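One file, input28.cif, is given below (mmCIF, C-alpha atoms).
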```
data_input
loop_
_atom_site.label_atom_id
_atom_site.label_comp_id
_atom_site.auth_asym_id
_atom_site.auth_seq_id
_atom_site.Cartn_x
_atom_site.Cartn_y
_atom_site.Cartn_z
CA MET A 1454 127.16 55.25 93.52
CA LEU A 1455 129.35 52.25 94.03
CA ARG A 1456 131.93 52.18 96.78
CA ILE A 1457 134.59 49.53 97.06
CA HIS A 1458 136.75 49.15 100.15
CA PHE A 1459 139.82 46.94 100.09
CA ASN A 1460 143.39 46.57 101.27
CA GLY A 1461 145.98 48.73 99.55
CA GLU A 1462 148.24 45.72 99.00
CA ASP A 1463 145.60 43.70 97.15
CA LYS A 1464 146.35 42.78 93.59
CA SER A 1465 144.43 41.44 90.64
CA GLN A 1466 146.49 39.59 88.03
CA GLY A 1467 149.67 41.25 89.26
CA MET A 1468 148.21 44.73 89.01
CA PRO A 1469 147.36 46.87 92.06
CA LEU A 1470 143.66 46.34 92.65
CA GLN A 1471 142.74 50.02 92.39
CA GLU A 1472 144.34 50.18 88.95
CA ALA A 1473 142.64 46.98 87.87
CA ILE A 1474 139.24 48.30 88.96
CA LEU A 1475 139.91 51.61 87.27
CA GLU A 1476 140.83 49.84 84.03
CA ALA A 1477 137.67 47.74 84.29
CA ALA A 1478 135.56 50.84 84.89
CA ARG A 1479 137.13 52.54 81.90
CA SER A 1480 136.58 49.54 79.66
CA GLN A 1481 132.88 49.67 80.57
CA GLU A 1482 132.84 53.46 80.03
CA MET A 1483 131.65 54.17 83.52
CA MET A 1484 131.13 57.88 83.96
CA PHE A 1485 133.35 58.50 86.94
CA ALA A 1486 135.85 56.61 89.07
CA ILE A 1487 138.15 57.78 91.81
CA ALA A 1488 140.35 56.12 94.45
CA TYR A 1489 141.39 57.39 97.86
CA ARG A 1490 143.87 56.00 100.30
CA GLY A 1491 142.79 55.91 103.91
CA VAL A 1492 145.02 56.62 106.85
CA GLU A 1493 144.17 53.56 108.88
CA GLY A 1494 141.55 50.83 108.89
CA PHE A 1495 140.66 47.19 109.24
CA GLY A 1496 138.65 44.76 107.19
CA SER A 1497 137.32 41.21 107.25
CA SER A 1498 140.66 39.92 108.50
CA ALA A 1499 140.37 42.28 111.51
CA ARG A 1500 144.00 43.17 111.01
CA ILE A 1501 144.72 46.86 111.31
CA HIS A 1502 146.18 48.23 108.11
CA ARG A 1503 148.11 51.38 108.44
CA GLN A 1504 150.86 53.22 106.74
CA THR A 1505 154.25 52.60 108.38
CA ALA A 1506 157.77 53.63 107.52
CA LEU A 1507 158.56 50.06 106.48
CA SER A 1508 155.50 49.25 104.42
CA GLY A 1509 155.11 52.70 102.89
CA ALA A 1510 151.75 54.08 101.90
CA LYS A 1511 150.72 50.84 100.18
CA ALA A 1512 149.60 49.07 103.35
CA ALA A 1513 146.84 51.57 104.07
CA PRO A 1514 143.28 50.77 102.98
CA VAL A 1515 141.90 52.08 99.71
CA MET A 1516 138.37 53.24 98.92
CA MET A 1517 137.11 53.57 95.38
CA THR A 1518 134.01 55.39 94.24
CA ILE A 1519 132.34 54.77 90.89
CA ILE A 1520 129.38 56.86 89.81
CA ASP A 1521 126.95 56.09 86.99
CA ARG A 1522 123.27 55.29 86.30
CA PRO A 1523 121.79 52.26 88.10
CA GLU A 1524 121.62 50.19 84.85
CA LYS A 1525 125.29 50.79 84.16
CA ILE A 1526 126.24 49.93 87.74
CA ASN A 1527 124.28 46.66 87.54
CA GLN A 1528 125.96 45.77 84.24
CA PHE A 1529 129.33 46.48 85.79
CA MET A 1530 128.80 44.27 88.84
CA PRO A 1531 129.79 40.87 87.31
CA LEU A 1532 133.10 42.26 86.05
CA LEU A 1533 133.74 43.94 89.39
CA ASP A 1534 132.97 40.68 91.20
CA GLN A 1535 135.65 38.95 89.15
CA THR A 1536 138.23 41.66 89.80
CA VAL A 1537 137.71 42.08 93.54
CA GLU A 1538 138.48 38.90 95.42
CA GLU A 1539 138.40 40.31 98.90
CA GLY A 1540 136.75 43.54 99.92
CA LEU A 1541 133.53 45.31 100.65
CA ILE A 1542 131.25 46.69 97.94
CA ALA A 1543 128.41 49.06 98.82
CA ILE A 1544 125.81 50.65 96.53
CA SER A 1545 123.81 53.75 97.38
CA SER A 1546 121.56 56.03 95.37
CA VAL A 1547 122.66 59.60 94.83
CA GLU A 1548 121.54 62.64 92.89
CA VAL A 1549 124.04 63.83 90.30
CA ILE A 1550 124.57 67.38 89.15
CA ARG A 1551 127.14 67.60 86.43
CA LEU A 1552 128.85 70.83 85.58
CA THR A 1553 130.68 71.07 82.28
CA LYS A 1554 131.74 73.90 80.03
CA ASP A 1555 129.16 73.17 77.33
CA ASP A 1556 126.30 71.15 78.81
CA SER A 1557 124.94 70.19 82.19
CA ALA A 1558 123.02 66.95 82.60
CA ALA A 1559 121.53 65.95 85.92
CA GLY A 1560 119.83 62.78 87.11
CA LYS A 1561 119.76 59.84 89.47
CA ALA A 1562 122.71 57.51 89.71
CA MET B 891 120.77 93.80 94.54
CA LEU B 892 120.72 97.35 95.81
CA LYS B 893 117.80 99.61 94.98
CA THR B 894 117.45 103.36 94.93
CA GLY B 895 116.58 104.71 98.37
CA LYS B 896 117.70 104.24 101.95
CA ALA B 897 120.70 102.06 102.73
CA LEU B 898 123.56 101.82 105.20
CA LYS B 899 127.19 102.59 104.60
CA VAL B 900 129.60 100.56 106.70
CA SER B 901 133.22 101.59 107.19
CA ILE B 902 135.75 99.37 108.90
CA TYR B 903 139.04 100.93 109.99
CA LEU B 904 142.02 98.63 110.28
CA SER B 905 145.77 98.73 110.33
CA GLU B 906 147.56 97.40 107.26
CA GLY B 907 149.95 95.19 109.18
CA ASP B 908 147.40 92.77 110.59
CA SER B 909 146.19 91.83 107.07
CA ARG B 910 142.65 91.34 108.29
CA HIS B 911 141.28 93.26 105.35
CA ALA B 912 141.78 90.38 102.89
CA ALA B 913 139.77 88.01 105.08
CA ILE B 914 137.04 90.60 105.59
CA LEU B 915 136.84 91.30 101.86
CA ASP B 916 136.56 87.58 101.12
CA TYR B 917 133.81 87.29 103.73
CA LEU B 918 131.82 90.19 102.28
CA PHE B 919 132.25 88.75 98.81
CA PHE B 920 131.00 85.30 99.67
CA ARG B 921 128.08 86.67 101.69
CA GLY B 922 126.88 88.33 98.49
CA ILE B 923 127.42 91.96 99.55
CA SER B 924 126.73 94.21 96.56
CA GLY B 925 130.20 95.73 96.53
CA ALA B 926 133.06 96.72 98.78
CA THR B 927 136.18 98.83 98.42
CA VAL B 928 139.44 98.72 100.37
CA PHE B 929 141.14 102.09 100.77
CA LYS B 930 144.73 102.47 101.76
CA GLY B 931 145.51 105.45 103.93
CA VAL B 932 148.61 107.58 103.49
CA ALA B 933 148.96 108.46 107.14
CA GLY B 934 146.86 108.31 110.27
CA PHE B 935 146.60 107.41 113.90
CA GLY B 936 144.28 105.16 115.82
CA ALA B 937 143.34 104.06 119.30
CA ASP B 938 146.97 103.76 120.35
CA HIS B 939 147.45 107.44 119.38
CA ARG B 940 150.63 106.72 117.52
CA LEU B 941 151.11 108.41 114.18
CA HIS B 942 151.65 106.01 111.27
CA SER B 943 152.94 107.26 107.97
CA ALA B 944 155.05 106.03 105.08
CA SER B 945 158.37 107.65 104.49
CA TYR B 946 161.19 106.86 102.13
CA VAL B 947 163.57 105.82 104.85
CA GLU B 948 161.23 103.38 106.52
CA ILE B 949 158.22 101.72 105.00
CA SER B 950 155.47 101.49 107.56
CA ASP B 951 153.38 98.35 107.67
CA LYS B 952 150.93 100.02 110.01
CA LEU B 953 149.25 102.36 107.57
CA PRO B 954 145.52 102.70 108.00
CA ILE B 955 143.17 100.63 105.85
CA LYS B 956 139.49 101.36 105.40
CA ILE B 957 136.95 98.93 103.98
CA GLU B 958 133.72 100.48 102.85
CA PHE B 959 130.51 98.94 101.59
CA ILE B 960 126.90 99.98 101.13
CA GLU B 961 124.05 97.55 101.68
CA SER B 962 120.42 97.30 102.77
CA GLU B 963 119.85 97.49 106.52
CA GLN B 964 118.79 93.84 106.69
CA LYS B 965 121.95 92.62 104.96
CA VAL B 966 124.16 94.81 107.14
CA GLN B 967 122.55 93.36 110.28
CA GLU B 968 123.23 89.85 108.95
CA VAL B 969 126.96 90.39 108.56
CA LEU B 970 127.69 92.89 111.32
CA GLY B 971 128.14 90.34 114.10
CA LYS B 972 130.76 88.41 112.18
CA LEU B 973 132.46 91.62 111.04
CA GLU B 974 132.85 92.79 114.62
CA GLU B 975 134.56 89.52 115.38
CA MET B 976 136.80 89.74 112.30
CA ALA B 977 137.77 93.38 112.73
CA GLY B 978 139.50 92.63 116.04
CA GLY B 979 140.77 95.90 117.43
CA GLY B 980 139.54 97.89 114.43
CA MET B 981 136.68 100.36 114.46
CA ILE B 982 133.39 99.82 112.63
CA GLU B 983 131.12 102.70 111.72
CA VAL B 984 127.63 102.53 110.22
CA GLN B 985 125.91 105.52 108.75
CA GLU B 986 122.62 106.04 106.96
CA THR B 987 122.92 106.90 103.34
CA LYS B 988 120.75 107.24 100.27
CA ILE B 989 121.35 105.47 97.00
CA VAL B 990 120.63 107.74 94.09
CA LYS B 991 121.69 105.30 91.40
CA PRO B 992 122.58 101.67 92.09
CA ALA B 993 125.48 100.11 90.20
CA LEU B 994 124.51 97.68 87.46
CA PRO B 995 125.77 94.13 87.94
CA SER B 996 127.76 92.60 85.11
CA ARG B 997 127.00 89.02 86.19
CA HIS B 998 124.17 87.28 87.96
CA HIS B 999 124.06 87.53 91.72
CA ALA B 1000 125.13 84.88 94.20
CA SER B 1001 122.39 83.40 96.34
CA GLU B 1002 121.68 84.93 99.71
CA ALA B 1003 123.12 83.21 102.72
CA GLN B 1004 120.84 81.93 105.44
CA PRO B 1005 121.36 82.01 109.19
CA PRO B 1006 122.72 78.80 110.71
CA VAL B 1007 120.12 76.10 111.36
CA LYS B 1008 120.36 73.38 113.96
CA MET B 1009 120.83 70.12 112.18
CA GLU B 1010 119.49 66.75 113.25
CA GLY B 1011 118.03 63.71 111.55
CA LYS B 1012 117.69 63.82 107.79
CA ALA B 1013 120.37 65.79 106.00
CA LYS B 1014 122.13 65.89 102.67
CA LEU B 1015 125.67 64.87 101.91
CA MET B 1016 127.16 66.74 99.01
CA ARG B 1017 130.32 65.55 97.29
CA ILE B 1018 132.04 67.80 94.80
CA TYR B 1019 134.64 66.34 92.46
CA ILE B 1020 137.05 68.79 90.84
CA GLY B 1021 140.66 68.83 89.68
CA GLU B 1022 143.46 69.90 91.97
CA ASP B 1023 144.64 72.33 89.30
CA ASP B 1024 141.25 73.98 88.85
CA ARG B 1025 141.43 77.62 89.76
CA TRP B 1026 139.03 80.37 90.57
CA ASN B 1027 140.19 83.97 90.48
CA ASP B 1028 143.80 82.70 90.38
CA LYS B 1029 143.44 80.73 93.61
CA PRO B 1030 143.00 76.96 94.01
CA LEU B 1031 139.33 76.21 93.47
CA TYR B 1032 139.08 73.69 96.30
CA LYS B 1033 140.40 76.25 98.78
CA MET B 1034 138.06 78.92 97.53
CA LEU B 1035 135.12 76.52 97.72
CA VAL B 1036 135.91 75.86 101.36
CA GLU B 1037 136.06 79.62 101.95
CA ALA B 1038 132.75 80.10 100.16
CA MET B 1039 131.17 77.31 102.20
CA ARG B 1040 132.40 78.87 105.40
CA ALA B 1041 131.07 82.26 104.45
CA ASN B 1042 127.70 80.67 103.67
CA ASP B 1043 127.61 79.01 107.09
CA LEU B 1044 127.63 75.45 105.82
CA ALA B 1045 128.15 73.03 108.67
CA GLY B 1046 131.60 71.90 107.61
CA ALA B 1047 133.65 70.70 104.68
CA THR B 1048 136.46 68.23 104.18
CA VAL B 1049 138.77 68.02 101.18
CA TYR B 1050 140.23 64.71 100.01
CA ARG B 1051 142.96 64.17 97.44
CA SER B 1052 142.65 61.07 95.29
CA ILE B 1053 145.43 58.63 94.45
CA LEU B 1054 143.91 57.52 91.17
CA GLY B 1055 140.94 58.41 89.04
CA TYR B 1056 139.26 59.65 85.92
CA GLY B 1057 135.94 61.29 85.28
CA ALA B 1058 134.63 64.82 85.41
CA HIS B 1059 137.16 65.97 82.86
CA ARG B 1060 137.91 62.53 81.36
CA ARG B 1061 141.56 62.84 82.18
CA PHE B 1062 143.43 59.97 83.67
CA HIS B 1063 145.45 60.73 86.72
CA ARG B 1064 147.79 58.56 88.71
CA ASP B 1065 149.96 59.42 91.67
CA LYS B 1066 153.43 58.30 90.72
CA PRO B 1067 156.25 57.98 93.18
CA PHE B 1068 158.95 60.60 92.63
CA HIS B 1069 156.51 62.74 90.67
CA LEU B 1070 154.68 65.51 92.39
CA SER B 1071 151.30 65.28 90.78
CA HIS B 1072 149.33 68.47 90.51
CA ASP B 1073 146.50 66.99 88.57
CA ALA B 1074 144.86 64.85 91.24
CA SER B 1075 141.10 64.79 91.57
CA MET B 1076 139.94 66.50 94.71
CA MET B 1077 136.77 65.61 96.54
CA LEU B 1078 135.02 67.98 98.90
CA SER B 1079 132.36 66.57 101.14
CA VAL B 1080 129.83 68.66 103.01
CA VAL B 1081 126.95 67.63 105.24
CA ASP B 1082 124.12 70.07 105.90
CA THR B 1083 120.34 70.43 105.61
CA GLU B 1084 118.86 70.02 102.14
CA GLU B 1085 117.78 73.66 102.20
CA LYS B 1086 121.28 74.92 102.90
CA ILE B 1087 122.90 72.63 100.34
CA ARG B 1088 120.39 73.62 97.63
CA GLY B 1089 120.85 77.25 98.56
CA PHE B 1090 124.57 76.91 97.96
CA LEU B 1091 124.19 75.34 94.49
CA PRO B 1092 123.92 78.68 92.60
CA VAL B 1093 127.25 79.75 94.14
CA LEU B 1094 128.76 76.44 93.06
CA GLU B 1095 127.45 76.78 89.54
CA GLN B 1096 129.16 80.12 89.35
CA MET B 1097 132.49 78.89 90.72
CA VAL B 1098 132.83 75.36 89.31
CA GLN B 1099 133.40 75.39 85.58
CA GLU B 1100 133.83 71.66 85.26
CA GLY B 1101 133.10 69.02 87.81
CA LEU B 1102 130.69 66.58 89.27
CA ILE B 1103 128.38 67.22 92.20
CA VAL B 1104 126.68 64.31 93.92
CA LEU B 1105 123.96 64.58 96.55
CA SER B 1106 122.82 61.78 98.82
CA ASP B 1107 120.59 61.39 101.87
CA VAL B 1108 122.22 60.85 105.24
CA ASP B 1109 121.07 60.70 108.83
CA VAL B 1110 122.98 63.00 111.13
CA VAL B 1111 123.45 61.16 114.38
CA LYS B 1112 125.40 63.83 116.17
CA TYR B 1113 126.47 67.33 115.35
CA SER B 1114 128.04 69.44 118.04
CA HIS B 1115 129.39 72.95 117.87
CA ARG B 1116 132.45 74.40 119.55
CA PRO B 1117 131.06 74.30 123.12
CA ILE B 1118 131.59 70.54 123.19
CA HIS B 1119 128.94 68.44 124.92
CA THR B 1120 129.82 65.54 127.14
CA ASN B 1121 128.53 62.94 124.66
CA GLU B 1122 130.94 61.09 122.45
CA SER B 1123 131.24 62.77 119.09
CA VAL B 1124 130.34 60.25 116.42
CA GLU B 1125 129.02 61.22 113.06
CA GLU B 1126 127.37 58.68 110.85
CA PRO B 1127 129.72 57.84 107.99
CA ALA B 1128 128.49 58.58 104.51
CA ARG B 1129 126.59 55.81 102.85
#
```
Go through the file and emit its structure as structure tokens.
Amino acid sequence: MLRIHFNGEDKSQGMPLQEAILEAARSQEMMFAIAYRGVEGFGSSARIHRQTALSGAKAAPVMMTIIDRPEKINQFMPLLDQTVEEGLIAISSVEVIRLTKDDSAAGKA
Amino acid sequence: MLKTGKALKVSIYLSEGDSRHAAILDYLFFRGISGATVFKGVAGFGADHRLHSASYVEISDKLPIKIEFIESEQKVQEVLGKLEEMAGGGMIEVQETKIVKPALPSRHHASEAQPPVKMEGKAKLMRIYIGEDDRWNDKPLYKMLVEAMRANDLAGATVYRSILGYGAHRRFHRDKPFHLSHDASMMLSVVDTEEKIRGFLPVLEQMVQEGLIVLSDVDVVKYSHRPIHTNESVEEPAR
């Protein structure tokens, strides 16, 4: 499981960073990707980012989670490195149980 | 599942107006009680000794309601404490009964709930990813999952709504301004002992048609119940 924390105002080639990462994840056919917006937070700049009436929701921090097998995550890292200029990336191992209508595959990711 | 022989019949008497019966029925359901029925009375009186009945001129919202279920003594003891709490001012009656022929289940049975365990040190973090629109018995699945977790005494659950994502169902979702999205991915996170989490998986498999469940190891640094201790409450964030 890959978790990427960054500022909600960050952009990559003019595109909001979360959308850029999501596109990158899709292009690499990563199994699962999801983005959440935090309420408040601070990062390497030690500036508090929070949602205000002026800035709208965009100023709040964003956390993205990407889930896939370790090999796929490792393959994805160079591309992710290029996309994310500033932010925190953390990897942890998790156990995956997948529930679908027709099949259910489980394993380590 | 119920077997032929001795069992207990529990009757809970309530008033229709307080709408406690729905919560009690949900509780019994998620605790894996073999079956329960809610009866609606036509007229009656209770502890306040006031007669309640429905008439054409005025529709009473205080008609009596009776919830009845039959279970093994052990199971009844497990749920009775919570039921007493939930029934409020209502009366609960337990009587011995004999099952001559148990009802045949049409589906497989939910796992049995376990009593709450004190949690410290190693624990499991479970994340469940489902769609906001997913439903279970005509109710939002994420809400029902929280109810089911509560009934199974899991330590606690939090629901998050995503702003962007794809995955479990390979659909792309994006929160657009001026559009109320009802297709967001929802994430539920629960921390509890491995035993409790694994014990809850059969219930999940029954309720979640499509979705992703992810388990990881966490260290619980602090977990305090309602009677708050003097220590600062800090829980280790998920890795």
Enumerate, in order of chain and increasing residue number, the residues of chain B with an atom no farther than 9 Å from chain A, each with its shortest atom pair and distance in Å to one decimal, counting only C-alpha atoms, as a Markdown table.
```
| residue | atom | partner | partner_atom | distance |
| --- | --- | --- | --- | --- |
| B:Tyr1050 | CA | A:Tyr1489 | CA | 7.7 |
| B:Arg1051 | CA | A:Tyr1489 | CA | 7.0 |
| B:Ser1052 | CA | A:Tyr1489 | CA | 4.7 |
| B:Ile1053 | CA | A:Tyr1489 | CA | 5.4 |
| B:Leu1054 | CA | A:Ala1488 | CA | 5.0 |
| B:Gly1055 | CA | A:Ile1487 | CA | 4.0 |
| B:Tyr1056 | CA | A:Ala1486 | CA | 5.5 |
| B:Gly1057 | CA | A:Phe1485 | CA | 4.2 |
| B:Ala1058 | CA | A:Phe1485 | CA | 6.6 |
| B:His1059 | CA | A:Thr1553 | CA | 8.3 |
| B:Arg1060 | CA | A:Phe1485 | CA | 8.3 |
| B:Ser1075 | CA | A:Ile1487 | CA | 7.6 |
| B:Glu1095 | CA | A:Leu1552 | CA | 7.3 |
| B:Val1098 | CA | A:Leu1552 | CA | 7.1 |
| B:Gln1099 | CA | A:Lys1554 | CA | 6.0 |
| B:Glu1100 | CA | A:Thr1553 | CA | 4.4 |
| B:Gly1101 | CA | A:Leu1552 | CA | 5.1 |
| B:Leu1102 | CA | A:Arg1551 | CA | 4.7 |
| B:Ile1103 | CA | A:Ile1550 | CA | 4.9 |
| B:Val1104 | CA | A:Val1549 | CA | 4.5 |
| B:Leu1105 | CA | A:Glu1548 | CA | 4.8 |
| B:Ser1106 | CA | A:Val1547 | CA | 4.5 |
| B:Asp1107 | CA | A:Val1547 | CA | 7.6 |
| B:Arg1129 | CA | A:Ser1545 | CA | 6.5 |
```
What's around Arg910 of chain B at 10 Å? Count all atoms listed in the file, leave out sequence neighbours fewer than 3 positions away in its own chain, and write the answer as an mmCIF file with C-alpha atoms, keeping the file's coordinate frame.
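Full text of part_31.cif as output:
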```cif
data_model
loop_
_atom_site.group_PDB
_atom_site.id
_atom_site.type_symbol
_atom_site.label_atom_id
_atom_site.label_comp_id
_atom_site.auth_asym_id
_atom_site.auth_seq_id
_atom_site.Cartn_x
_atom_site.Cartn_y
_atom_site.Cartn_z
ATOM 1 C CA LEU B 904 142.020 98.630 110.280
ATOM 2 C CA SER B 905 145.770 98.730 110.330
ATOM 3 C CA GLU B 906 147.560 97.400 107.260
ATOM 4 C CA GLY B 907 149.950 95.190 109.180
ATOM 5 C CA ALA B 913 139.770 88.010 105.080
ATOM 6 C CA ILE B 914 137.040 90.600 105.590
ATOM 7 C CA LEU B 915 136.840 91.300 101.860
ATOM 8 C CA ILE B 955 143.170 100.630 105.850
ATOM 9 C CA MET B 976 136.800 89.740 112.300
ATOM 10 C CA ALA B 977 137.770 93.380 112.730
ATOM 11 C CA GLY B 978 139.500 92.630 116.040
ATOM 12 C CA GLY B 980 139.540 97.890 114.430
#
```
By how many Å are atom CA of Met1039 of chain B and atom CA of Glu1085 of chain B apart? 13.9 Å
For the structure provided, state which residues fall under the PyMOL selection byres ((chain B and resi 1083) around 12), and present them as a PyMOL selection string. chain B and resi 1004+1006-1016+1043-1046+1080-1082+1084-1090+1105-1110+1113
Give me, please, the distance in Å between atom CA of Gly1494 of chain A and atom CA of Tyr1032 of chain B, quoted to one decimal. 26.2 Å
Which is closest to Leu953 of chain B among B:Ala937, B:Val1049, B:Val932, B:Val1111, if we use all atoms listed in the file?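 Of all the options, B:Val932 lies closest to Leu953 of chain B.
The space between atom CA of Ile1542 of chain A and atom CA of Pro1514 of chain A spans 13.7 Å.
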Just the residues within 10 Å of Leu898 of chain B, please, counting only C-alpha atoms, with nothing from its chain fewer than 3 positions along; format it as a PyMOL selection string. chain B and resi 901+959-967+984-989
Each side padded by 8 Å, which centre and which edge lengths in Å (one decimal) define the axis-aligned box around the listed atoms of segment 933-943 of chain B? Give them as lines of an AutoDock Vina configuration file.
```
center_x = 148.1
center_y = 106.1
center_z = 113.7
size_x = 25.6
size_y = 20.7
size_z = 29.2
```
What lies within 10 Å of Asp1463 of chain A using all atoms listed in the file, ignoring chain neighbours under 4 positions off, as an mmCIF file with C-alpha atoms, in the coordinates of the input?
```
data_model
loop_
_atom_site.group_PDB
_atom_site.id
_atom_site.type_symbol
_atom_site.label_atom_id
_atom_site.label_comp_id
_atom_site.auth_asym_id
_atom_site.auth_seq_id
_atom_site.Cartn_x
_atom_site.Cartn_y
_atom_site.Cartn_z
ATOM 1 C CA PHE A 1459 139.820 46.940 100.090
ATOM 2 C CA GLY A 1467 149.670 41.250 89.260
ATOM 3 C CA MET A 1468 148.210 44.730 89.010
ATOM 4 C CA PRO A 1469 147.360 46.870 92.060
ATOM 5 C CA LEU A 1470 143.660 46.340 92.650
ATOM 6 C CA GLN A 1471 142.740 50.020 92.390
ATOM 7 C CA LYS A 1511 150.720 50.840 100.180
ATOM 8 C CA ALA A 1512 149.600 49.070 103.350
ATOM 9 C CA PRO A 1514 143.280 50.770 102.980
ATOM 10 C CA VAL A 1515 141.900 52.080 99.710
ATOM 11 C CA VAL A 1537 137.710 42.080 93.540
ATOM 12 C CA GLU A 1538 138.480 38.900 95.420
ATOM 13 C CA GLU A 1539 138.400 40.310 98.900
ATOM 14 C CA GLY A 1540 136.750 43.540 99.920
#
```
Expanded to explicit residues, what is the PyMOL selection byres ((chain B and resi 933) around 10) for this file, as a ChimeraX atom specification? /B:930-932,934-935,941-945,950,952-955
Applying the PyMOL selection byres ((chain B and resi 982) around 6) to the file I just gave you, which residues come out? Please list them as a ChimeraX atom specification. /B:901-902,981,983
